[in-house]
2 protein chains.
Amino acid sequence: MYALIMAGGVGTRLWPRSRQRSPKQLLDLASEFTMLQETFSRLTPLMPPANVYVVTGAAYASEVARQLPEVPRSNIIAEPFGRNTAPAIGLGSLYIRRREAQAVMAAVSADHLVQKKQEFVQVMRSAAVLAEQGYLVTIGIRPARPETGYGYIELDHPLGIPVEYPGFRVARFTEKPDAATAERFVAGGKHLWNAGMFVWRVDVILDAIRQHLPGLSQALEEIDRAIGTPKERDTLERVWPSIDEISIDVGVMERAGNVAVIPADLGWSDVGTWASLAEILPADEANNVVINGEHIGVGTSGSLLYGNKRLIATIGLKDLIVVDTDDVVLICPKDRAQDVRSLVAKLKQDQRHEYL
Amino acid sequence: MYALIMAGGVGTRLWPRSRQRSPKQLLDLASEFTMLQETFSRLTPLMPPANVYVVTGAAYASEVARQLPEVPRSNIIAEPFGRNTAPAIGLGSLYIRRREAQAVMAAVSADHLVQKKQEFVQVMRSAAVLAEQGYLVTIGIRPARPETGYGYIELDHPLGIPVEYPGFRVARFTEKPDAATAERFVAGGKHLWNAGMFVWRVDVILDAIRQHLPGLSQALEEIDRAIGTPKERDTLERVWPSIDEISIDVGVMERAGNVAVIPADLGWSDVGTWASLAEILPADEANNVVINGEHIGVGTSGSLLYGNKRLIATIGLKDLIVVDTDDVVLICPKDRAQDVRSLVAKLKQDQRHEYL
């Protein structure tokens with residue numbers, strides 16, 4: 001088995017910890033290891049490090065290499081710039097296909113949290129069986145709450161293939177729903193969170209790209225012909241700007257016929273915002289999540305206290321986020337966690353590069 | 001004219017800036033000067049520095065001397081420990097009486113804010129005229145809001161003594177009222193805030209202490225006999241523990257007959273809490289008060305952002321207090337500002353001396 005870790009992106013909504021030069025996946029956000037390192041260590045029961053590939057931004061490649069010394073340097077693939085997941089997956093697949101034409105590969109995000117590592121390994125093993133048989137397999141997370149920030153996958157009938165974690169046909173993919181629809185999805189029991197976690201054969205995904213994203217496919221084959229030649233870098237930089245930005249979900253999974261989903265409960269979060277980080281981590285007796293540093297509270301509850309070196313002292317806070325870093329203190333209600341993006345946009349507009 | 005600056009106390013509710021070793025009056029809380037220095041500079045139009053005396057805790061005496069180099073070292077009087085304002089004023093008065101038996105002296109707190117410095121000087125000059133004639137003069141602040149955290153002074157008829165800021169007889173002193181009573185006081189127009197700011201002749205106040213606090217008076221005379229002798233320090237330390245803790249308001253002003261009040265609007269605050277500091281300082285266009293450092297906000301209003309070295313970034317906060325220091329970040333709603341005391345008590349109970 002092979003894996004492609006997608007390590008592009010910045011994770012803007014996790015500012016002030018995420019910065020342009022130290023994006024979310026390269027941070028030790030929820031443990032002593034970085035999210036990239038956690039992602040890598042989840043995969044190691046499934047494959048040797050030499051089978052792990054990483055697609056990342058050119059600016060991050062050397063830090064990725066530093067954080068993953070077991071991964072061969074040549075497995076770290078630098079995109080000239082981000083074009084969303086379909087081009088990133090296509091590019092990574094080219095390298096894996098060169099190793100093994102029908103390799104089963106997982107494609108996972110570097111910046112998601114998976115708390116149940118054992119289940120993750122078992123689910124991936126079941127997914128690999130389905131992938132062998134030609135399915136584009138996605139992992140669907142059983143929803144813990146009517147989250148409006150995620151896309152949903154509606155289950156159809158079981159595939160009937162005997163594996164530990166059985167797969168299902170997909171009735172349809174749904175973009176982020178409104179609150180009422182999300183409530184209905186969770187109550188109905190037929191919808192799963194789309195976690196953007198995939199297993200397939202490399203020839204099957206490249207075929208699907210050829211069928212559903214022919215422009216991307218042509219660009220990829222042009223790049224493929226240059227891989228391993230002196231023209232590799234130049235070709236990539238020349239071709240990449242012509243590629244359309246599109247996700248693998250929208251570009252391939254929603255259009256393909258051979259899609260399967262395995263429902264699973266993995267303690268998963270995309271950790272898109274400080275609020276979603278708080279959702280998934282264990283809370284203390286006052287229902288506060290305290291990470292790093294120390295908190296002393298009088299009547300504070302439901303809050304995320306993300307410390308640094310200072311004591312965070314609070315009185316009577318409810319559902320608030322506090323993030324302390326060396327140069328910024330962020331304070332924000334949980335239900336405004338999405339608006340960290342606006343704050344960063346404001347800093348960008350004000351040219352406050354020291355904080356970006 | 002003489003002055004006695006009362007510089008005891010810690011200002012616990014202004015934690016984490018106020019600490020046991022650096023109490024409120026010794027901090028640059030609202031300007032580049034410390035509150036003690038601001039208090040001193042308000043007095044200098046009225047008297048030479050050699051006429052300014054300071055009563056403070058033994059632990060703070062050398063820092064007081066450092067902050068007020070113009071004040072003779074012998075004018076800085078160290079109490080063995082705090083016993084509230086009546087003993088502090090009595091002790092300071094002994095030293096002033098030795099300079100001039102019928103000196104007019106002001107007694108003011110080192111940790112209050114007075115924004116209208118010009119008016120302060122003029123009001124003190126009027127007060128000095130009344131004091132010359134034997135009145136115990138207190139300055140009453142016209143209430144800006146129905147504050148329940150201050151005591152009130154009810155006006156009686158005018159004294160009829162021709163001065164720029166005329167004095168009135170006092171009908172009664174009232175302790176901190178409930179909200180309804182405070183509303184009524186402000187609406188009625190006859191009540192003033194008791195600012196704890198006094199002017200009197202030193203012989204008149206010591207006479208009043210003899211009449212209303214005979215125990216304190218005896219102790220003071222015993223101390224007075226030792227002043228300037230080798231026994232001064234020992235006598236003070238032996239006598240002080242026997243003195244009852246009592247304020248000058250309760251012990252003398254509420255009981256005396258020769259009390260006068262001058263109503264004034266001085267931009268005064270006792271700066272007892274972070275909320276009261278926010279009340280008195282100018283707000284920006286979003287109605288936030290930003291002190292030190294820098295704030296970037298999205299939809300934040302009515303808040304106090306007390307910075308240090310870090311950027312304070314906020315989203316959607318309303319009426320919140322944020323105080324950033326080198327080792328603590330405090331976050332607290334304005335209407336819970338009194339509870340900083342509970343937080344400090346909790347730290348004391350937990351023996352977290354590094355934060356006290």
# chains A, B, ... in the order shown; residues from 1 in each chain; ligands from 1

call {"tool": "closest_atom_pairs", "arguments": {"of": "segment 161-228 of chain B", "to": "segment 83-91 of chain B", "cutoff": "8 Å", "atoms": "only C-alpha atoms", "output": "CSV"}}
result
residue,atom,partner,partner_atom,distance
B:Leu206,CA,B:Gly90,CA,6.8
B:Ile209,CA,B:Gly90,CA,7.6
B:Leu216,CA,B:Pro87,CA,6.9
B:Ser217,CA,B:Gly90,CA,7.8
B:Leu220,CA,B:Leu91,CA,6.5

call {"tool": "write_last_selection", "arguments": {"atoms": "N, CA and C atoms", "output": "tab-separated table (two decimals), in the first residue's frame"}}
result
chain	number	residue	atom	x	y	z
B	206	LEU	N	-6.23	66.65	63.96
B	206	LEU	CA	-5.74	65.90	65.13
B	206	LEU	C	-6.67	66.11	66.34
B	209	ILE	N	-9.56	63.78	65.65
B	209	ILE	CA	-9.18	62.40	65.98
B	209	ILE	C	-9.23	62.20	67.50
B	216	LEU	N	-6.84	55.94	69.07
B	216	LEU	CA	-5.87	56.27	68.03
B	216	LEU	C	-5.06	57.50	68.43
B	217	SER	N	-5.76	58.49	68.99
B	217	SER	CA	-5.09	59.74	69.37
B	217	SER	C	-4.00	59.49	70.40
B	220	LEU	N	-1.08	57.88	68.76
B	220	LEU	CA	-0.35	58.84	67.93
B	220	LEU	C	0.55	59.74	68.78

call {"tool": "residues_around", "arguments": {"residues": "Leu155 of chain B", "least_positions_apart": "4", "cutoff": "6 Å", "atoms": "only C-alpha atoms", "output": "list of chain:residue names"}}
result
B:Val170, B:Ala171, B:Lys190

call {"tool": "closest_residue", "arguments": {"among": "B:Val54, B:Leu305, B:Ala260, B:Val290", "to": "His157 of chain B", "atoms": "only C-alpha atoms"}}
result
B:Ala260

call {"tool": "interface_residues", "arguments": {"of": "chain A", "to": "chain B", "cutoff": "7 Å", "atoms": "only C-alpha atoms", "output": "PDB file with N, CA and C atoms, in the first residue's frame"}}
result
ATOM      1  N   VAL A 298     -12.723  31.488  37.082  1.00  0.00           N
ATOM      2  CA  VAL A 298     -13.800  31.640  38.048  1.00  0.00           C
ATOM      3  C   VAL A 298     -15.083  31.691  37.231  1.00  0.00           C
ATOM      4  N   ARG A 310       2.136  32.002  29.123  1.00  0.00           N
ATOM      5  CA  ARG A 310       1.477  32.770  30.168  1.00  0.00           C
ATOM      6  C   ARG A 310       0.345  31.975  30.826  1.00  0.00           C
ATOM      7  N   LEU A 311       0.028  32.393  32.054  1.00  0.00           N
ATOM      8  CA  LEU A 311      -1.186  31.910  32.711  1.00  0.00           C
ATOM      9  C   LEU A 311      -2.384  32.606  32.061  1.00  0.00           C
ATOM     10  N   ILE A 312      -3.402  31.833  31.682  1.00  0.00           N
ATOM     11  CA  ILE A 312      -4.644  32.438  31.191  1.00  0.00           C
ATOM     12  C   ILE A 312      -5.618  32.451  32.358  1.00  0.00           C
ATOM     13  N   ALA A 313      -6.026  33.653  32.757  1.00  0.00           N
ATOM     14  CA  ALA A 313      -6.917  33.820  33.901  1.00  0.00           C
ATOM     15  C   ALA A 313      -8.238  34.365  33.387  1.00  0.00           C
ATOM     16  N   THR A 314      -9.345  33.697  33.723  1.00  0.00           N
ATOM     17  CA  THR A 314     -10.630  34.123  33.176  1.00  0.00           C
ATOM     18  C   THR A 314     -11.703  34.161  34.247  1.00  0.00           C
ATOM     19  N   ILE A 315     -12.668  35.024  34.023  1.00  0.00           N
ATOM     20  CA  ILE A 315     -13.815  35.136  34.921  1.00  0.00           C
ATOM     21  C   ILE A 315     -15.084  35.120  34.068  1.00  0.00           C
ATOM     22  N   GLY A 316     -15.991  34.219  34.387  1.00  0.00           N
ATOM     23  CA  GLY A 316     -17.331  34.247  33.800  1.00  0.00           C
ATOM     24  C   GLY A 316     -17.392  34.206  32.289  1.00  0.00           C
ATOM     25  N   LEU A 317     -16.474  33.497  31.653  1.00  0.00           N
ATOM     26  CA  LEU A 317     -16.560  33.379  30.193  1.00  0.00           C
ATOM     27  C   LEU A 317     -17.401  32.159  29.831  1.00  0.00           C
ATOM     28  N   ASP A 327       3.355  36.608  19.917  1.00  0.00           N
ATOM     29  CA  ASP A 327       3.146  37.995  19.497  1.00  0.00           C
ATOM     30  C   ASP A 327       1.682  38.412  19.354  1.00  0.00           C
ATOM     31  N   VAL A 328       0.750  37.480  19.549  1.00  0.00           N
ATOM     32  CA  VAL A 328      -0.673  37.815  19.405  1.00  0.00           C
ATOM     33  C   VAL A 328      -1.483  37.091  20.479  1.00  0.00           C
ATOM     34  N   VAL A 329      -2.502  37.782  20.997  1.00  0.00           N
ATOM     35  CA  VAL A 329      -3.540  37.121  21.795  1.00  0.00           C
ATOM     36  C   VAL A 329      -4.840  37.262  21.024  1.00  0.00           C
ATOM     37  N   LEU A 330      -5.473  36.127  20.709  1.00  0.00           N
ATOM     38  CA  LEU A 330      -6.766  36.150  20.009  1.00  0.00           C
ATOM     39  C   LEU A 330      -7.870  35.807  20.987  1.00  0.00           C
ATOM     40  N   ILE A 331      -8.958  36.589  20.949  1.00  0.00           N
ATOM     41  CA  ILE A 331     -10.129  36.288  21.773  1.00  0.00           C
ATOM     42  C   ILE A 331     -11.360  36.378  20.882  1.00  0.00           C
ATOM     43  N   CYS A 332     -12.191  35.354  20.926  1.00  0.00           N
ATOM     44  CA  CYS A 332     -13.247  35.206  19.927  1.00  0.00           C
ATOM     45  C   CYS A 332     -14.296  34.218  20.434  1.00  0.00           C
ATOM     46  N   PRO A 333     -15.574  34.523  20.305  1.00  0.00           N
ATOM     47  CA  PRO A 333     -16.590  33.533  20.692  1.00  0.00           C
ATOM     48  C   PRO A 333     -16.524  32.324  19.761  1.00  0.00           C
ATOM     49  N   LEU A 343     -10.417  38.516  10.098  1.00  0.00           N
ATOM     50  CA  LEU A 343      -9.396  39.230  10.848  1.00  0.00           C
ATOM     51  C   LEU A 343      -8.046  39.175  10.109  1.00  0.00           C
TER      52      LEU A 343
END

call {"tool": "residues_around", "arguments": {"residues": "Asn287 of chain A", "least_positions_apart": "3", "cutoff": "7 Å", "atoms": "only C-alpha atoms", "output": "CSV table (one decimal) with N, CA and C atoms, in the first residue's frame"}}
result
chain,number,residue,atom,x,y,z
A,283,ALA,N,-12.5,17.8,27.5
A,283,ALA,CA,-12.7,19.0,28.4
A,283,ALA,C,-12.5,18.6,29.8
A,284,ASP,N,-12.2,19.7,30.6
A,284,ASP,CA,-12.0,19.5,32.1
A,284,ASP,C,-13.4,19.5,32.7
A,301,SER,N,-16.8,28.5,31.5
A,301,SER,CA,-17.2,27.2,31.0
A,301,SER,C,-17.3,27.1,29.5
A,302,GLY,N,-17.2,25.9,28.9
A,302,GLY,CA,-17.4,25.7,27.5
A,302,GLY,C,-16.4,26.5,26.6

call {"tool": "select_by_dssp", "arguments": {"residues": "segment 69-280 of chain B", "states": "strand (DSSP E)", "output": "number ranges by chain"}}
result
B: 76-79, 104-109, 113-114, 136-141, 152-158, 168-174, 191-201, 259-264, 268-269

call {"tool": "atom_distance", "arguments": {"atom1": "atom CA of Glu237 of chain A", "atom2": "atom CA of Ser18 of chain A"}}
result
26.5 Å

call {"tool": "select_by_dssp", "arguments": {"residues": "segment 175-208 of chain B", "states": "helix (DSSP H, G or I)", "output": "list of chain:residue names"}}
result
B:Ala179, B:Ala180, B:Thr181, B:Ala182, B:Glu183, B:Arg184, B:Phe185, B:Val186, B:Ala187, B:Gly188, B:Val202, B:Asp203, B:Val204, B:Ile205, B:Leu206, B:Asp207, B:Ala208

call {"tool": "closest_residue", "arguments": {"among": "B:Pro146, B:Pro23, B:Pro282, B:Pro162", "to": "Ala180 of chain B", "atoms": "only C-alpha atoms"}}
result
B:Pro146

call {"tool": "atom_distance", "arguments": {"atom1": "atom CA of Asn51 of chain B", "atom2": "atom CA of Ala3 of chain B"}}
result
6.4 Å

call {"tool": "residues_around", "arguments": {"residues": "segment 197-205 of chain A", "least_positions_apart": "2", "cutoff": "8 Å", "atoms": "only C-alpha atoms", "output": "short mmCIF file (atom, residue, chain, number, x, y, z; two decimals) with C-alpha atoms, in the first residue's frame"}}
result
data_model
loop_
_atom_site.label_atom_id
_atom_site.label_comp_id
_atom_site.auth_asym_id
_atom_site.auth_seq_id
_atom_site.Cartn_x
_atom_site.Cartn_y
_atom_site.Cartn_z
CA SER A 93 -0.41 9.71 -8.34
CA ILE A 96 3.21 6.37 -7.25
CA ARG A 97 2.23 4.92 -10.66
CA ALA A 101 1.19 0.63 -12.02
CA GLN A 102 -1.79 -0.70 -10.03
CA ALA A 103 -0.71 0.35 -6.57
CA VAL A 104 -3.42 0.78 -3.94
CA MET A 105 -2.95 4.24 -2.48
CA ALA A 106 -4.56 6.28 0.27
CA ALA A 107 -4.93 10.03 -0.13
CA VAL A 108 -5.23 11.87 3.17
CA SER A 109 -4.95 15.41 4.47
CA MET A 124 -7.95 1.55 5.65
CA ALA A 127 -10.86 0.16 2.06
CA ALA A 128 -7.81 -1.36 0.38
CA ALA A 131 -9.97 -0.43 -3.89
CA GLU A 132 -8.32 -3.59 -5.26
CA GLY A 134 -11.77 -1.03 -8.69
CA TYR A 135 -13.72 1.19 -6.31
CA LEU A 136 -12.92 4.81 -5.53
CA VAL A 137 -13.33 4.47 -1.78
CA THR A 138 -14.05 7.38 0.52
CA ILE A 139 -14.27 7.19 4.30
CA ASN A 194 -17.23 13.79 3.91
CA ALA A 195 -13.76 13.65 5.45
CA ASP A 207 -8.57 6.83 -15.33
CA ALA A 208 -11.32 8.69 -13.48
CA ILE A 209 -9.43 11.96 -13.84
#
